[in-house]
$ cat input.cif   # mmCIF, C-alpha atoms
data_coords
loop_
_atom_site.label_atom_id
_atom_site.label_comp_id
_atom_site.auth_asym_id
_atom_site.auth_seq_id
_atom_site.Cartn_x
_atom_site.Cartn_y
_atom_site.Cartn_z
CA MET A 1 190.15 131.06 174.09
CA LYS A 2 188.01 130.54 177.19
CA ILE A 3 185.38 128.68 175.14
CA GLU A 4 188.00 126.34 173.67
CA LYS A 5 189.43 125.69 177.15
CA ALA A 6 185.96 124.91 178.54
CA GLN A 7 185.25 122.54 175.64
CA THR A 8 188.56 120.74 176.16
CA LYS A 9 187.81 120.35 179.87
CA ALA A 10 184.31 119.03 179.09
CA LEU A 11 185.72 116.48 176.65
CA LEU A 12 188.28 115.39 179.24
CA TRP A 13 185.58 114.78 181.86
CA LEU A 14 183.39 113.02 179.31
CA LEU A 15 186.35 110.76 178.53
CA ILE A 16 186.82 110.00 182.25
CA VAL A 17 183.14 109.11 182.66
CA LEU A 18 183.25 106.90 179.56
CA ILE A 19 186.43 105.14 180.73
CA LEU A 20 184.66 104.30 184.01
CA SER A 21 181.58 103.21 182.08
CA VAL A 22 183.55 100.97 179.72
CA SER A 23 185.65 99.51 182.56
CA LEU A 24 182.56 98.46 184.48
CA ARG A 25 181.08 96.85 181.41
CA VAL A 26 184.26 94.98 180.57
CA MET A 27 184.27 93.65 184.13
CA LEU A 28 180.63 92.61 183.81
CA LEU A 29 181.26 90.91 180.47
CA GLY A 30 184.12 88.90 181.93
CA ALA A 31 182.42 87.82 185.15
CA TYR A 32 178.68 87.68 184.43
CA PRO A 33 176.99 85.72 181.61
CA PRO A 34 174.00 86.94 179.56
CA GLN A 35 170.68 86.29 181.30
CA THR A 36 167.55 84.84 179.73
CA PHE A 37 163.94 85.29 180.89
CA GLY A 38 160.54 83.88 180.02
CA ASP A 39 160.11 86.44 177.21
CA THR A 40 163.55 85.83 175.68
CA ASN A 41 162.56 82.74 173.66
CA GLY A 42 159.70 84.66 172.05
CA TYR A 43 162.09 87.33 170.82
CA PHE A 44 164.55 84.75 169.46
CA ARG A 45 161.69 82.97 167.69
CA ALA A 46 160.66 86.28 166.16
CA ALA A 47 164.29 86.92 165.13
CA LYS A 48 164.30 83.66 163.14
CA ALA A 49 161.13 84.82 161.39
CA VAL A 50 162.85 88.13 160.56
CA LEU A 51 165.71 86.22 158.90
CA ASN A 52 163.09 84.34 156.85
CA GLY A 53 161.56 87.56 155.55
CA PHE A 54 158.79 87.73 158.20
CA ASP A 55 157.09 84.68 156.63
CA ASN A 56 156.51 82.94 159.96
CA TYR A 57 156.28 86.07 162.08
CA ASP A 58 153.54 85.39 164.64
CA GLY A 59 152.89 89.01 165.67
CA THR A 60 153.45 88.35 169.38
CA ARG A 61 156.40 90.76 169.53
CA THR A 62 157.07 94.16 168.03
CA PRO A 63 159.83 93.92 165.40
CA VAL A 64 162.76 96.10 166.51
CA TYR A 65 164.32 93.84 169.16
CA PRO A 66 163.97 90.74 166.96
CA VAL A 67 165.77 92.65 164.19
CA PHE A 68 168.48 93.61 166.72
CA ILE A 69 168.85 89.92 167.66
CA ALA A 70 168.94 88.88 164.00
CA LEU A 71 171.71 91.39 163.28
CA LEU A 72 173.91 90.44 166.25
CA GLY A 73 173.20 86.71 166.20
CA SER A 74 174.48 85.03 169.35
CA GLU A 75 173.53 85.69 172.97
CA ARG A 76 177.01 87.00 173.68
CA GLY A 77 176.89 89.26 170.62
CA ILE A 78 173.59 90.74 171.81
CA TYR A 79 175.06 91.16 175.30
CA ILE A 80 178.08 93.06 173.94
CA GLY A 81 175.79 95.17 171.74
CA GLN A 82 173.69 96.17 174.75
CA LEU A 83 176.79 97.04 176.78
CA ILE A 84 177.91 99.33 173.94
CA LEU A 85 174.47 100.95 173.87
CA GLY A 86 174.83 101.58 177.61
CA VAL A 87 178.03 103.56 176.97
CA PHE A 88 176.31 105.66 174.28
CA ILE A 89 173.35 106.35 176.61
CA THR A 90 175.78 107.48 179.34
CA ALA A 91 177.47 109.87 176.88
CA ALA A 92 174.10 111.31 175.79
CA TRP A 93 173.04 112.04 179.38
CA PHE A 94 176.43 113.69 180.01
CA VAL A 95 175.95 115.95 176.98
CA ILE A 96 172.42 116.95 178.01
CA GLY A 97 173.52 117.52 181.61
CA TYR A 98 176.40 119.76 180.56
CA LYS A 99 174.46 121.73 177.95
CA ALA A 100 171.43 122.22 180.22
CA SER A 101 173.30 123.25 183.38
CA GLY A 102 176.53 124.69 181.99
CA ARG A 103 178.34 122.85 184.78
CA LEU A 104 180.62 119.84 184.40
CA SER A 105 179.86 118.62 187.92
CA PHE A 106 176.20 118.13 187.00
CA ALA A 107 177.12 116.44 183.71
CA VAL A 108 179.41 114.00 185.54
CA LEU A 109 176.70 113.30 188.14
CA ILE A 110 174.01 112.43 185.60
CA GLY A 111 176.42 110.41 183.46
CA LEU A 112 177.48 108.34 186.45
CA ALA A 113 173.89 108.13 187.70
CA HIS A 114 173.12 106.10 184.58
CA SER A 115 176.32 104.11 184.31
CA LEU A 116 176.66 103.20 188.00
CA ASN A 117 173.01 102.31 188.49
CA PRO A 118 172.86 98.50 188.73
CA GLY A 119 169.25 98.68 187.56
CA GLN A 120 170.66 99.80 184.19
CA PHE A 121 174.02 98.09 184.43
CA PHE A 122 172.72 94.57 185.00
CA PHE A 123 169.85 94.95 182.57
CA GLU A 124 172.36 95.28 179.75
CA ALA A 125 173.18 91.62 180.42
CA ASN A 126 169.49 90.65 180.21
CA LEU A 127 168.26 89.47 176.81
CA LEU A 128 165.19 91.68 176.91
CA THR A 129 164.10 94.88 175.18
CA GLU A 130 164.71 97.47 177.88
CA THR A 131 168.29 98.53 177.01
CA LEU A 132 167.51 98.93 173.31
CA ALA A 133 164.31 100.84 174.18
CA THR A 134 166.35 103.12 176.47
CA PHE A 135 168.75 103.83 173.61
CA TRP A 136 165.99 104.90 171.17
CA LEU A 137 164.27 106.92 173.89
CA MET A 138 167.58 108.62 174.65
CA LEU A 139 168.13 109.53 170.99
CA ALA A 140 164.66 111.09 170.84
CA LEU A 141 165.25 113.06 174.07
CA LEU A 142 168.70 114.20 172.92
CA GLY A 143 167.22 115.49 169.68
CA ALA A 144 164.38 117.17 171.59
CA TYR A 145 166.89 118.88 173.88
CA PHE A 146 168.82 120.36 170.95
CA TRP A 147 165.54 121.50 169.35
CA LEU A 148 164.48 123.30 172.52
CA SER A 149 167.89 124.75 173.39
CA ASP A 150 168.56 126.67 170.18
CA ASP A 151 166.22 127.95 167.47
CA SER A 152 168.93 127.36 164.85
CA HIS A 153 168.61 123.61 165.46
CA GLN A 154 164.90 123.54 164.64
CA SER A 155 165.08 121.90 161.22
CA ILE A 156 162.74 119.47 159.54
CA TRP A 157 165.60 116.96 159.45
CA LEU A 158 166.09 117.03 163.21
CA GLY A 159 162.33 116.67 163.65
CA LEU A 160 162.32 113.62 161.37
CA GLY A 161 165.21 112.12 163.34
CA ILE A 162 163.34 112.67 166.62
CA GLY A 163 160.17 111.17 165.15
CA ILE A 164 162.00 108.10 163.81
CA SER A 165 163.78 107.51 167.14
CA ALA A 166 160.55 107.89 169.15
CA SER A 167 158.64 105.61 166.76
CA VAL A 168 161.33 102.93 166.83
CA ALA A 169 161.27 103.14 170.65
CA ALA A 170 157.55 102.33 170.47
CA LEU A 171 158.23 99.35 168.20
CA THR A 172 160.84 98.18 170.71
CA ARG A 173 158.66 98.63 173.80
CA PRO A 174 154.97 99.31 173.03
CA GLN A 175 154.63 101.39 176.22
CA PHE A 176 156.22 104.25 174.27
CA ILE A 177 153.50 104.47 171.63
CA PHE A 178 152.60 107.90 173.05
CA LEU A 179 156.17 109.22 172.76
CA PRO A 180 156.06 110.82 169.28
CA PHE A 181 152.84 112.60 170.19
CA ILE A 182 154.03 114.03 173.52
CA ILE A 183 157.40 115.12 172.09
CA SER A 184 155.77 116.85 169.11
CA ILE A 185 153.40 118.73 171.44
CA PHE A 186 156.22 119.87 173.75
CA LEU A 187 158.34 120.99 170.80
CA ALA A 188 155.46 122.75 169.09
CA LEU A 189 154.06 124.56 172.12
CA THR A 190 156.50 126.75 174.04
CA PHE A 191 156.03 129.54 176.57
CA LYS A 192 158.10 132.69 176.10
CA ASP A 193 157.59 136.29 177.21
CA ARG A 194 154.44 135.23 179.08
CA LYS A 195 152.86 133.98 175.85
CA PHE A 196 152.35 130.56 174.29
CA HIS A 197 154.01 130.11 170.91
CA PHE A 198 153.06 127.39 168.44
CA ASN A 199 155.47 125.97 165.87
CA PHE A 200 153.89 123.64 163.31
CA LYS A 201 157.23 122.14 162.13
CA PRO A 202 157.63 119.54 164.91
CA ILE A 203 154.00 118.43 164.53
CA LEU A 204 154.67 117.62 160.88
CA SER A 205 158.23 116.34 161.12
CA VAL A 206 157.92 114.30 164.35
CA MET A 207 154.47 112.87 163.70
CA LEU A 208 155.04 111.96 160.03
CA PRO A 209 157.48 109.12 160.84
CA ALA A 210 155.17 108.01 163.67
CA VAL A 211 152.20 107.71 161.31
CA LEU A 212 154.26 105.84 158.72
CA ILE A 213 156.25 103.57 161.06
CA ILE A 214 153.81 102.86 163.92
CA GLY A 215 150.69 103.16 161.78
CA GLY A 216 152.24 101.01 159.07
CA TRP A 217 153.13 98.26 161.54
CA MET A 218 149.67 98.32 163.14
CA GLY A 219 148.12 98.18 159.68
CA TRP A 220 150.22 95.13 158.87
CA ILE A 221 149.14 93.40 162.11
CA GLN A 222 145.50 94.27 161.31
CA SER A 223 145.68 92.93 157.76
CA ARG A 224 147.38 89.71 158.80
CA TYR A 225 145.74 88.86 162.14
CA ASN A 226 142.63 91.09 162.23
CA ILE A 227 143.83 92.75 165.45
CA PHE A 228 144.44 96.51 165.40
CA SER A 229 147.32 96.79 167.84
CA LEU A 230 151.10 96.80 168.00
CA THR A 231 151.03 93.07 168.80
CA VAL A 232 148.48 90.28 168.80
CA MET A 233 148.84 90.00 172.60
CA SER A 234 146.57 92.89 173.60
CA GLY A 235 143.67 90.64 174.60
CA PHE A 236 145.86 88.55 176.90
CA HIS A 237 147.42 91.63 178.50
CA MET A 238 143.97 93.05 179.26
CA VAL A 239 143.09 89.90 181.21
CA GLN A 240 145.88 90.84 183.61
CA HIS A 241 143.41 93.50 184.76
CA THR A 242 140.05 91.82 184.22
CA GLY A 243 141.10 88.39 185.49
CA TYR A 244 140.37 89.59 189.01
CA TYR A 245 136.63 89.61 188.27
CA PHE A 246 136.52 87.04 185.46
CA GLU A 247 133.67 85.18 187.16
CA ASP A 248 131.40 87.93 185.81
CA VAL A 249 132.08 86.94 182.20
CA PRO A 250 128.72 86.27 180.43
CA ASP A 251 127.53 82.68 180.04
CA GLU A 252 128.08 82.77 176.27
CA TYR A 253 131.79 82.56 177.10
CA ALA A 254 131.33 80.03 179.91
CA ALA A 255 133.94 77.63 178.52
CA LEU A 256 136.63 80.31 178.60
CA ARG A 257 135.47 81.65 181.94
CA ASP A 258 135.48 78.30 183.73
CA VAL A 259 138.91 77.27 182.48
CA TYR A 260 140.39 80.59 183.49
CA LEU A 261 138.83 80.44 186.96
CA ASP A 262 140.33 76.98 187.53
CA TYR A 263 143.79 78.25 186.59
CA ARG A 264 143.28 81.38 188.67
CA GLN A 265 142.44 79.30 191.72
CA ASP A 266 145.59 77.20 191.27
CA ARG A 267 147.76 80.27 190.93
CA MET A 268 146.18 81.95 193.94
CA GLU A 269 146.93 78.86 196.06
CA THR A 270 150.53 78.71 194.83
CA TYR A 271 151.55 82.37 194.61
CA GLY A 272 148.83 84.29 196.46
CA THR A 273 147.97 86.36 193.36
CA GLN A 274 146.15 85.86 190.08
CA SER A 275 148.73 87.91 188.18
CA ASN A 276 150.11 86.13 185.08
CA THR A 277 147.44 83.38 185.26
CA ILE A 278 146.60 83.98 181.60
CA TRP A 279 149.98 82.75 180.32
CA ASP A 280 149.41 79.31 181.83
CA ALA A 281 145.74 79.16 180.83
CA ILE A 282 146.03 79.99 177.11
CA PRO A 283 146.40 76.41 175.72
CA ALA A 284 143.53 75.05 177.82
CA MET A 285 141.30 78.01 176.90
CA GLN A 286 142.03 77.47 173.21
CA GLU A 287 141.12 73.80 173.51
CA ALA A 288 137.94 74.45 175.52
CA ALA A 289 136.62 77.07 173.08
CA GLY A 290 138.05 75.60 169.88
CA MET A 291 139.74 78.90 169.05
CA SER A 292 143.03 79.73 167.42
CA PHE A 293 145.57 81.80 169.33
CA TYR A 294 144.51 84.95 167.47
CA GLN A 295 140.78 84.30 167.83
CA LEU A 296 141.29 83.86 171.57
CA SER A 297 143.17 87.16 171.85
CA ARG A 298 140.42 89.02 169.95
CA THR A 299 137.72 87.40 172.06
CA LEU A 300 139.49 88.14 175.35
CA GLN A 301 139.92 91.74 174.25
CA GLU A 302 136.18 92.04 173.63
CA ILE A 303 135.39 90.35 176.95
CA SER A 304 137.84 92.55 178.84
CA ILE A 305 136.48 95.77 177.37
CA GLN A 306 132.98 94.70 178.39
CA LEU A 307 134.17 93.82 181.92
CA ILE A 308 135.98 97.15 182.31
CA LEU A 309 132.88 99.06 181.23
CA THR A 310 130.74 97.16 183.73
CA HIS A 311 133.36 97.26 186.53
CA PRO A 312 134.97 100.71 186.12
CA TRP A 313 135.82 101.15 189.80
CA GLN A 314 137.47 97.75 190.10
CA TYR A 315 139.47 98.49 186.96
CA LEU A 316 140.51 101.89 188.32
CA LEU A 317 141.59 100.29 191.59
CA ARG A 318 143.83 97.85 189.69
CA VAL A 319 145.24 100.69 187.60
CA ILE A 320 146.16 102.61 190.77
CA LYS A 321 147.75 99.51 192.31
CA GLY A 322 149.64 98.81 189.08
CA TRP A 323 150.84 102.42 189.04
CA LEU A 324 152.20 102.03 192.57
CA TYR A 325 153.91 98.76 191.60
CA PHE A 326 155.51 100.56 188.65
CA TRP A 327 157.70 102.65 190.97
CA ARG A 328 158.98 99.62 192.89
CA ALA A 329 161.22 98.23 190.12
CA PRO A 330 163.72 95.76 191.58
CA ILE A 331 167.30 95.17 190.43
CA TYR A 332 167.07 92.38 187.85
CA TRP A 333 170.19 90.29 188.42
CA ASP A 334 171.35 86.83 189.52
CA SER A 335 173.98 86.82 192.27
CA THR A 336 174.74 83.12 191.66
CA ALA A 337 175.73 83.79 188.04
CA PHE A 338 178.95 85.62 188.94
CA SER A 339 182.11 83.61 188.30
CA ILE A 340 183.94 85.53 191.06
CA PRO A 341 182.18 85.15 194.46
CA ILE A 342 183.61 88.31 196.02
CA LEU A 343 182.24 90.36 193.11
CA ALA A 344 178.79 88.88 193.76
CA ASP A 345 179.01 89.98 197.42
CA LEU A 346 180.10 93.51 196.49
CA MET A 347 177.41 93.76 193.83
CA GLY A 348 174.83 92.57 196.35
CA ILE A 349 175.67 95.46 198.70
CA TRP A 350 175.69 97.87 195.79
CA ALA A 351 172.32 96.63 194.54
CA ILE A 352 170.69 97.08 197.99
CA VAL A 353 172.00 100.64 198.33
CA ALA A 354 171.04 101.54 194.77
CA ARG A 355 167.53 100.08 195.15
CA GLY A 356 166.99 102.24 198.22
CA LEU A 357 168.20 105.33 196.36
CA MET A 358 165.94 104.51 193.42
CA LEU A 359 162.86 104.20 195.63
CA ILE A 360 163.64 107.49 197.39
CA THR A 361 164.33 109.23 194.08
CA ASN A 362 161.08 107.93 192.57
CA MET A 363 159.11 109.21 195.54
CA VAL A 364 160.83 112.61 195.37
CA PHE A 365 160.03 112.85 191.66
CA ILE A 366 156.33 112.11 192.18
CA ILE A 367 155.94 114.65 194.99
CA SER A 368 158.12 117.38 193.48
CA SER A 369 156.62 117.18 189.98
CA ILE A 370 153.11 117.56 191.41
CA LEU A 371 154.19 120.47 193.63
CA ALA A 372 155.98 122.16 190.72
CA LEU A 373 152.89 121.86 188.57
CA ILE A 374 150.79 123.82 191.07
CA SER A 375 153.42 126.22 192.45
CA ARG A 376 154.88 128.96 190.28
CA LYS A 377 157.37 129.81 193.03
CA LEU A 378 158.81 126.29 193.04
CA ARG A 379 159.08 126.29 189.25
CA LYS A 380 161.16 129.44 189.53
CA VAL A 381 163.30 128.22 192.44
CA TRP A 382 163.99 124.90 190.71
CA GLN A 383 164.64 126.62 187.35
CA LEU A 384 162.46 124.17 185.47
CA ALA A 385 162.78 124.70 181.73
CA HIS A 386 160.78 123.23 178.87
CA PHE A 387 163.05 120.17 178.59
CA GLN A 388 162.57 119.24 182.25
CA TRP A 389 158.81 119.33 181.72
CA LEU A 390 159.20 117.09 178.67
CA LEU A 391 161.03 114.60 180.87
CA ALA A 392 158.30 114.80 183.52
CA GLY A 393 155.58 114.32 180.89
CA THR A 394 157.40 111.31 179.46
CA ILE A 395 157.85 109.74 182.89
CA TRP A 396 154.24 110.31 183.94
CA GLY A 397 152.94 109.16 180.54
CA THR A 398 154.94 105.93 180.75
CA SER A 399 153.81 105.15 184.29
CA ILE A 400 150.13 105.79 183.54
CA LEU A 401 149.97 104.03 180.16
CA THR A 402 151.68 100.87 181.38
CA SER A 403 149.33 100.76 184.37
CA LEU A 404 146.27 101.12 182.13
CA VAL A 405 147.17 98.17 179.92
CA GLU A 406 149.17 95.88 182.22
CA HIS A 407 148.70 94.66 185.79
CA GLY A 408 151.44 92.10 186.14
CA GLU A 409 155.11 92.60 185.43
CA ASN A 410 154.96 96.33 184.79
CA GLN A 411 157.76 97.17 187.25
CA ARG A 412 160.52 96.54 184.71
CA PHE A 413 158.89 99.03 182.33
CA LEU A 414 160.37 101.75 184.58
CA ILE A 415 163.92 100.78 183.55
CA PRO A 416 164.15 102.90 180.35
CA ILE A 417 163.08 106.10 182.13
CA GLN A 418 164.85 105.65 185.48
CA THR A 419 167.72 108.00 184.55
CA ALA A 420 165.18 110.62 183.44
CA VAL A 421 163.79 110.44 186.99
CA PHE A 422 167.33 110.87 188.35
CA PHE A 423 167.86 113.88 186.06
CA TRP A 424 164.73 115.62 187.37
CA VAL A 425 165.62 115.03 191.03
CA LEU A 426 169.31 115.91 190.63
CA TRP A 427 168.32 119.06 188.75
CA ILE A 428 166.08 120.20 191.62
CA LEU A 429 168.72 119.43 194.27
CA TYR A 430 171.43 121.09 192.21
CA SER A 431 169.30 124.20 191.58
CA MET A 432 168.66 124.64 195.29
CA LEU A 433 172.32 124.02 196.13
CA ILE A 434 173.57 126.56 193.60
CA LYS A 435 170.95 129.10 194.70
CA ASN A 436 171.92 128.74 198.36
CA PHE A 437 175.61 128.90 197.49
CA SER A 438 175.03 132.12 195.54
CA LYS A 439 173.19 133.65 198.51
CA VAL A 440 176.03 132.75 200.89
CA LYS A 441 178.59 134.16 198.48
CA MET A 442 176.58 137.39 198.13
CA ASN A 443 176.25 137.78 201.92
CA MET A 444 179.98 137.25 202.37
CA SER A 445 180.70 139.93 199.76
CA LEU A 446 178.37 142.38 201.50
CA GLU A 447 180.01 141.69 204.88
CA GLU A 448 183.46 142.33 203.42
CA LYS A 449 182.29 145.68 202.07
#
$ encode --input "input.cif" --output "structure tokens"
Amino acid sequence: MKIEKAQTKALLWLLIVLILSVSLRVMLLGAYPPQTFGDTNGYFRAAKAVLNGFDNYDGTRTPVYPVFIALLGSERGIYIGQLILGVFITAAWFVIGYKASGRLSFAVLIGLAHSLNPGQFFFEANLLTETLATFWLMLALLGAYFWLSDDSHQSIWLGLGIGISASVAALTRPQFIFLPFIISIFLALTFKDRKFHFNFKPILSVMLPAVLIIGGWMGWIQSRYNIFSLTVMSGFHMVQHTGYYFEDVPDEYAALRDVYLDYRQDRMETYGTQSNTIWDAIPAMQEAAGMSFYQLSRTLQEISIQLILTHPWQYLLRVIKGWLYFWRAPIYWDSTAFSIPILADLMGIWAIVARGLMLITNMVFIISSILALISRKLRKVWQLAHFQWLLAGTIWGTSILTSLVEHGENQRFLIPIQTAVFFWVLWILYSMLIKNFSKVKMNMSLEEK
């Protein structure tokens, strides 16, 4: 009877959180139009190729978001689809929060932390990959939580579902290419009764879809464009790092080097940074070297690898700077796009407050996760279970990998994992609060006696 009552209460609170979530999104849909960015046209072009059976697919984008666009069609349809995904993601965080803590207050907090975060909320209006990537990441994490929480859930089928979700996340946002591997390791290797236990099932079931889906896509890119990567853009992305010392490119590539340096100088004079120079320079570099788009990407990849090997400390410095930039993700929205001015003003205040909370939360996560790694006492006080460490590993893996391969617009790559950061920090604060409350309650009981 008590269990049924608790379940009914949990469903009631989930319904309240979802009503708030849906209400906000209905308001957004009515007052704020879908937003396009520089990358949006590339995804729509890829979607047209999908509808033509991938005949004219240029390999510049991974396929999942173009398929999503092809299925939903119009900009408004995609917008509505992403708003619906946001509601599902909110529900998934509520479920994990309730199951992990056993407390509805924590479940409501983490559900609202996702739904009321304008960094998530506004991005659902943006015609970019982040919301869809967050959804697939969330499915993989939800499956991983159920695997870790109860041995009876540890089936091959659940493992396959986790592996498919993680792999599709990688083909939505390439930064998650490591996700199937890290999840399979965390599910396979657990620590109980002061001993490590290894379970081979998640290695097989999670990694099998990854090999087939991610490996199959990379094999297709290799066979068609002679570039072994998730996209044909890897060479251009690497120049985001190596462009800072591109003057050291060997003379055999002088034509490419000189064109790039001219464009770099112009961008430095205009913006004060060389970041994103490559996107303006590509046509001129192709013309100067007589290379196709794909030949240029392969060549720039080779050049960049050589530059990184000969300038390891400069590369490391850029990686560290990129990693710091990663944690400074802004709120991606346009205040002038609101049809109701007073809503724009209110959202502006909300965005400022939320951005400050995000920056503080990110800093707390970095410090606390490092401290917890080296302090057994803190791990015990904060009641960090295997799932929390999976979240921390996913967050750290994302921040490091994106910084290794990108030194430009890598701040928005934080968006899919921002609620995971909130979960970690809220869990720590909640654990300490409950522990202190229990101590006070115990002292009061002793005084009464």
$ residues_around --input "input.cif" --residues "A:Ala169" --least-positions-apart "4" --cutoff "9 Å" --atoms "only C-alpha atoms" --output "list in words"
Val64, Leu132, Ala133, Thr134, Phe135, Trp136, Leu137, Ala140, Ile164, Ser165, Arg173, Pro174, Gln175, Phe176, Ile177 and Leu179 of chain A
$ write_last_selection --input "input.cif" --atoms "C-alpha atoms" --output "tab-separated table (two decimals), in the coordinates of the input"
chain	number	residue	atom	x	y	z
A	64	VAL	CA	162.76	96.10	166.51
A	132	LEU	CA	167.51	98.93	173.31
A	133	ALA	CA	164.31	100.84	174.18
A	134	THR	CA	166.35	103.12	176.47
A	135	PHE	CA	168.75	103.83	173.61
A	136	TRP	CA	165.99	104.90	171.17
A	137	LEU	CA	164.27	106.92	173.89
A	140	ALA	CA	164.66	111.09	170.84
A	164	ILE	CA	162.00	108.10	163.81
A	165	SER	CA	163.78	107.51	167.14
A	173	ARG	CA	158.66	98.63	173.80
A	174	PRO	CA	154.97	99.31	173.03
A	175	GLN	CA	154.63	101.39	176.22
A	176	PHE	CA	156.22	104.25	174.27
A	177	ILE	CA	153.50	104.47	171.63
A	179	LEU	CA	156.17	109.22	172.76
$ resolve_selection --input "input.cif" --expression "the PyMOL selection byres ((chain A and resi 416) around 8)" --output "list in words"
Glu130, Thr131, Ala133, Thr134, Leu137, Phe413, Leu414, Ile415, Ile417, Gln418 and Thr419 of chain A
$ residues_around --input "input.cif" --residues "stretch 256-265 of chain A" --least-positions-apart "6" --cutoff "9 Å" --atoms "only C-alpha atoms" --output "MDAnalysis selection string"
chainID A and resid 243:244 246:250 273:275 277:278 280:282 284:286 288:289 300
$ residues_around --input "input.cif" --residues "A:Leu316" --least-positions-apart "6" --cutoff "12 Å" --atoms "all atoms listed in the file" --output "list in words"
His241, Thr242, Ile308, Leu309, Thr310, Gly322, Trp323, Ile400, Ser403, Leu404, Val405 and His407 of chain A
$ residues_around --input "input.cif" --residues "stretch 390-392 of chain A" --least-positions-apart "6" --cutoff "12 Å" --atoms "only C-alpha atoms" --output "PyMOL selection string"
chain A and resi 96+137-138+140-142+144-145+148+179-190+362+365-370+372-373+384+398-399+417-425+427
$ closest_residue --input "input.cif" --among "A:Leu208, A:Ala100, A:Leu15, A:Phe122" --to "A:Trp157" --atoms "all atoms listed in the file"
A:Leu208
$ resolve_selection --input "input.cif" --expression "the PyMOL selection byres ((chain A and resi 39) around 12)" --output "PyMOL selection string"
chain A and resi 35-38+40-46+60-61+65-66+126-130+279+409
$ closest_residue --input "input.cif" --among "A:Gln383, A:Asn52, A:Ser167, A:Ser115" --to "A:Val17" --atoms "only C-alpha atoms"
A:Ser115
$ closest_residue --input "input.cif" --among "A:Phe228, A:Phe88, A:Tyr57, A:Phe94" --to "A:Leu11" --atoms "only C-alpha atoms"
A:Phe94
$ atom_distance --input "input.cif" --atom1 "atom CA of A:Leu433" --atom2 "atom CA of A:Gln120"
27.1 Å
